[in-house]
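Participant: This is the content of upload.txt (compact mmCIF, N, CA and C atoms):
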# COMPACT_ATOMS: atom_id res chain seq x y z
N MET A 1 -7.01 19.07 58.21
CA MET A 1 -7.42 18.62 59.51
C MET A 1 -7.91 19.80 60.31
N SER A 2 -8.97 19.60 61.01
CA SER A 2 -9.42 20.64 61.92
C SER A 2 -9.74 20.01 63.26
N VAL A 3 -9.51 20.76 64.28
CA VAL A 3 -9.80 20.30 65.64
C VAL A 3 -10.85 21.23 66.20
N ALA A 4 -11.95 20.67 66.65
CA ALA A 4 -13.04 21.50 67.13
C ALA A 4 -13.42 21.13 68.55
N GLY A 5 -12.57 21.49 69.50
CA GLY A 5 -12.90 21.29 70.90
C GLY A 5 -13.10 19.83 71.28
N GLU A 6 -13.91 19.63 72.31
CA GLU A 6 -14.14 18.28 72.81
C GLU A 6 -15.29 17.62 72.07
N TRP A 7 -15.11 16.34 71.82
CA TRP A 7 -16.20 15.52 71.34
C TRP A 7 -15.86 14.10 71.69
N ASP A 8 -16.87 13.30 71.94
CA ASP A 8 -16.66 11.89 72.18
C ASP A 8 -17.94 11.18 71.79
N ASP A 9 -17.90 10.54 70.67
CA ASP A 9 -19.08 9.83 70.17
C ASP A 9 -19.01 8.35 70.49
N GLY A 10 -18.08 7.97 71.40
CA GLY A 10 -17.96 6.57 71.79
C GLY A 10 -17.08 5.74 70.87
N ARG A 11 -16.61 6.36 69.79
CA ARG A 11 -15.74 5.65 68.85
C ARG A 11 -14.29 5.87 69.26
N GLY A 12 -13.43 4.97 68.89
CA GLY A 12 -12.01 5.17 69.12
C GLY A 12 -11.50 6.30 68.25
N LEU A 13 -10.41 6.90 68.62
CA LEU A 13 -9.84 8.02 67.88
C LEU A 13 -8.43 7.66 67.42
N VAL A 14 -8.16 7.85 66.14
CA VAL A 14 -6.85 7.56 65.56
C VAL A 14 -6.30 8.84 64.94
N LEU A 15 -5.05 9.15 65.27
CA LEU A 15 -4.36 10.30 64.69
C LEU A 15 -3.25 9.78 63.80
N PHE A 16 -3.36 10.01 62.50
CA PHE A 16 -2.36 9.56 61.53
C PHE A 16 -1.33 10.66 61.32
N ILE A 17 -0.05 10.32 61.50
CA ILE A 17 1.05 11.27 61.33
C ILE A 17 2.02 10.67 60.33
N HIS A 18 2.31 11.38 59.26
CA HIS A 18 3.20 10.86 58.23
C HIS A 18 4.64 11.31 58.47
N GLY A 19 5.55 10.68 57.76
CA GLY A 19 6.96 11.03 57.84
C GLY A 19 7.38 11.89 56.66
N LEU A 20 8.67 12.04 56.47
CA LEU A 20 9.21 12.83 55.37
C LEU A 20 8.86 12.19 54.02
N TRP A 21 8.84 13.01 53.00
CA TRP A 21 8.59 12.60 51.61
C TRP A 21 7.22 11.97 51.42
N MET A 22 6.30 12.30 52.28
CA MET A 22 4.91 11.87 52.17
C MET A 22 4.06 13.10 52.49
N ASN A 23 2.76 12.95 52.44
CA ASN A 23 1.89 14.01 52.91
C ASN A 23 0.65 13.40 53.55
N ALA A 24 -0.17 14.24 54.13
CA ALA A 24 -1.33 13.76 54.89
C ALA A 24 -2.25 12.88 54.05
N SER A 25 -2.36 13.16 52.75
CA SER A 25 -3.26 12.39 51.90
C SER A 25 -2.79 10.94 51.73
N SER A 26 -1.54 10.65 52.05
CA SER A 26 -1.08 9.26 51.96
C SER A 26 -1.83 8.37 52.95
N TRP A 27 -2.43 8.97 53.96
CA TRP A 27 -3.20 8.21 54.94
C TRP A 27 -4.67 8.09 54.55
N ASP A 28 -5.12 8.74 53.50
CA ASP A 28 -6.55 8.75 53.15
C ASP A 28 -7.19 7.36 53.09
N PRO A 29 -6.57 6.38 52.41
CA PRO A 29 -7.20 5.05 52.38
C PRO A 29 -7.33 4.43 53.78
N TRP A 30 -6.33 4.63 54.62
CA TRP A 30 -6.38 4.10 55.98
C TRP A 30 -7.43 4.83 56.81
N ALA A 31 -7.48 6.15 56.69
CA ALA A 31 -8.48 6.92 57.44
C ALA A 31 -9.89 6.49 57.05
N LYS A 32 -10.11 6.28 55.76
CA LYS A 32 -11.42 5.83 55.29
C LYS A 32 -11.76 4.46 55.87
N GLU A 33 -10.78 3.57 55.89
CA GLU A 33 -10.97 2.23 56.44
C GLU A 33 -11.31 2.30 57.94
N PHE A 34 -10.55 3.08 58.69
CA PHE A 34 -10.81 3.20 60.12
C PHE A 34 -12.15 3.87 60.38
N ASP A 35 -12.46 4.93 59.63
CA ASP A 35 -13.75 5.62 59.82
C ASP A 35 -14.92 4.67 59.57
N GLY A 36 -14.76 3.79 58.59
CA GLY A 36 -15.82 2.84 58.26
C GLY A 36 -15.92 1.67 59.22
N ASN A 37 -14.97 1.58 60.14
CA ASN A 37 -14.95 0.44 61.06
C ASN A 37 -14.95 0.87 62.53
N GLY A 38 -15.67 1.93 62.81
CA GLY A 38 -15.91 2.28 64.20
C GLY A 38 -14.95 3.27 64.85
N TYR A 39 -14.14 3.95 64.06
CA TYR A 39 -13.19 4.91 64.61
C TYR A 39 -13.42 6.29 64.01
N ASP A 40 -12.98 7.31 64.72
CA ASP A 40 -12.85 8.65 64.16
C ASP A 40 -11.37 8.81 63.85
N SER A 41 -11.05 9.33 62.68
CA SER A 41 -9.63 9.49 62.35
C SER A 41 -9.33 10.92 61.94
N ILE A 42 -8.10 11.30 62.23
CA ILE A 42 -7.59 12.62 61.89
C ILE A 42 -6.26 12.41 61.17
N THR A 43 -6.06 13.08 60.06
CA THR A 43 -4.77 13.04 59.37
C THR A 43 -4.10 14.40 59.58
N TYR A 44 -2.89 14.36 60.08
CA TYR A 44 -2.15 15.57 60.42
C TYR A 44 -1.39 16.10 59.21
N ARG A 45 -1.58 17.37 58.91
CA ARG A 45 -0.86 18.03 57.82
C ARG A 45 0.19 18.94 58.43
N TRP A 46 1.45 18.74 58.03
CA TRP A 46 2.55 19.56 58.53
C TRP A 46 2.35 21.01 58.15
N PRO A 47 2.85 21.95 58.94
CA PRO A 47 2.79 23.36 58.56
C PRO A 47 3.52 23.57 57.23
N GLY A 48 2.89 24.24 56.29
CA GLY A 48 3.49 24.51 54.99
C GLY A 48 3.41 23.36 54.01
N GLU A 49 2.77 22.27 54.38
CA GLU A 49 2.69 21.09 53.51
C GLU A 49 1.73 21.35 52.35
N SER A 50 2.12 20.88 51.18
CA SER A 50 1.28 20.98 49.99
C SER A 50 0.03 20.13 50.18
N GLU A 51 -1.10 20.62 49.69
CA GLU A 51 -2.33 19.84 49.76
C GLU A 51 -2.53 18.99 48.52
N VAL A 52 -1.58 19.04 47.58
CA VAL A 52 -1.66 18.25 46.35
C VAL A 52 -1.17 16.84 46.67
N PRO A 53 -2.05 15.82 46.55
CA PRO A 53 -1.70 14.47 46.97
C PRO A 53 -0.44 13.89 46.34
N ASP A 54 -0.21 14.13 45.06
CA ASP A 54 0.92 13.51 44.37
C ASP A 54 2.19 14.33 44.42
N ARG A 55 2.23 15.34 45.27
CA ARG A 55 3.41 16.20 45.36
C ARG A 55 3.93 16.31 46.78
N PRO A 56 4.43 15.19 47.30
CA PRO A 56 4.99 15.30 48.64
C PRO A 56 6.18 16.25 48.65
N GLN A 57 6.32 16.96 49.70
CA GLN A 57 7.42 17.91 49.80
C GLN A 57 7.86 18.01 51.25
N ILE A 58 9.06 18.44 51.43
CA ILE A 58 9.57 18.68 52.77
C ILE A 58 9.44 20.18 53.02
N PRO A 59 8.53 20.58 53.89
CA PRO A 59 8.40 22.01 54.17
C PRO A 59 9.73 22.56 54.70
N GLU A 60 10.07 23.73 54.24
CA GLU A 60 11.32 24.36 54.67
C GLU A 60 11.22 24.81 56.12
N ALA A 61 12.33 24.70 56.80
CA ALA A 61 12.47 25.22 58.17
C ALA A 61 11.50 24.60 59.17
N VAL A 62 11.10 23.35 58.93
CA VAL A 62 10.26 22.66 59.90
C VAL A 62 11.16 21.82 60.79
N ARG A 63 11.01 22.00 62.08
CA ARG A 63 11.83 21.25 63.04
C ARG A 63 10.96 20.22 63.75
N VAL A 64 11.56 19.08 64.03
CA VAL A 64 10.82 18.03 64.73
C VAL A 64 10.29 18.55 66.06
N ARG A 65 11.08 19.36 66.74
CA ARG A 65 10.65 19.94 68.02
C ARG A 65 9.37 20.76 67.83
N ASP A 66 9.30 21.54 66.73
CA ASP A 66 8.11 22.35 66.47
C ASP A 66 6.90 21.46 66.16
N LEU A 67 7.12 20.41 65.36
CA LEU A 67 6.03 19.49 65.04
C LEU A 67 5.51 18.81 66.31
N ALA A 68 6.44 18.36 67.15
CA ALA A 68 6.04 17.70 68.40
C ALA A 68 5.23 18.65 69.29
N GLY A 69 5.65 19.90 69.34
CA GLY A 69 4.90 20.88 70.13
C GLY A 69 3.52 21.12 69.58
N GLN A 70 3.43 21.23 68.27
CA GLN A 70 2.13 21.44 67.64
C GLN A 70 1.22 20.24 67.86
N LEU A 71 1.76 19.04 67.68
CA LEU A 71 0.96 17.83 67.89
C LEU A 71 0.51 17.69 69.34
N THR A 72 1.37 18.04 70.26
CA THR A 72 1.00 18.00 71.68
C THR A 72 -0.19 18.92 71.94
N GLY A 73 -0.16 20.11 71.34
CA GLY A 73 -1.27 21.05 71.47
C GLY A 73 -2.55 20.54 70.86
N ILE A 74 -2.44 19.92 69.68
CA ILE A 74 -3.61 19.38 68.99
C ILE A 74 -4.23 18.26 69.82
N ILE A 75 -3.39 17.34 70.29
CA ILE A 75 -3.89 16.22 71.08
C ILE A 75 -4.55 16.73 72.36
N GLY A 76 -3.95 17.72 73.00
CA GLY A 76 -4.53 18.30 74.21
C GLY A 76 -5.88 18.95 73.96
N ALA A 77 -6.08 19.50 72.77
CA ALA A 77 -7.34 20.18 72.44
C ALA A 77 -8.45 19.20 72.04
N LEU A 78 -8.12 17.96 71.81
CA LEU A 78 -9.12 16.99 71.36
C LEU A 78 -10.12 16.63 72.45
N GLY A 79 -9.70 16.69 73.69
CA GLY A 79 -10.61 16.32 74.77
C GLY A 79 -10.65 14.82 75.05
N ARG A 80 -9.93 14.04 74.26
CA ARG A 80 -9.79 12.60 74.49
C ARG A 80 -8.51 12.14 73.83
N ARG A 81 -7.99 11.04 74.29
CA ARG A 81 -6.70 10.56 73.79
C ARG A 81 -6.88 9.76 72.51
N PRO A 82 -6.05 10.02 71.51
CA PRO A 82 -6.11 9.18 70.30
C PRO A 82 -5.44 7.84 70.56
Would you mind writing the file's structure down as structure tokens?
Facilitator:
Amino acid sequence: MSVAGEWDDGRGLVLFIHGLWMNASSWDPWAKEFDGNGYDSITYRWPGESEVPDRPQIPEAVRVRDLAGQLTGIIGALGRRP
């Protein structure tokens, strides 16, 4: 996932956030569906998360407070609300 400042192409914005024992790629089919139906979608990858789709892992030393802070920063940088 990358965040590149403000943009608004008139489409709705969806931010997909996964839980434990999953990874960002678990949202790929949904992101594709939303992108194809009038939305921009972003899948959030946890810090230290494996990019290998079939290898979900729990990153060590990740705290919910840290994730919430990071997500708050990402959402603030988008320039529009997801």
Participant: For atom CA of A:Met22 and atom CA of A:Gly79, quote the distance in Å rounded to one decimal.
Facilitator: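 These atoms are spaced 27.8 Å apart.
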Participant: Distance atom CA of A:Arg81-atom CA of A:Gly48, one decimal place?
Facilitator: 25.5 Å
Participant: Report the distance between atom CA of A:Glu51 and atom C of A:Ala24 in Å, rounded to one decimal place.
Facilitator: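 Computed distance, atom CA of A:Glu51 to atom C of A:Ala24, equals 8.2 Å.
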Participant: Pick out the closest residue to A:Pro47 from this set: A:Ile74, A:Val62, A:Leu20, A:Val14. Count only N, CA and C atoms.
Facilitator: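 Closest to A:Pro47, using only N, CA and C atoms: A:Val62.
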Participant: Residues within 8 Å of A:Thr43, please, as number ranges by chain. Count only C-alpha atoms; anything in the same chain fewer than 4 positions from it doesn't count.
Facilitator: A: 1, 15-17, 24-25, 27-28, 31
Participant: Could you pull the residues within 6 Å of A:Tyr39, counting all atoms listed in the file, minus those fewer than 6 positions along the same chain, as an MDAnalysis selection string?
Facilitator: chainID A and resid 11:14
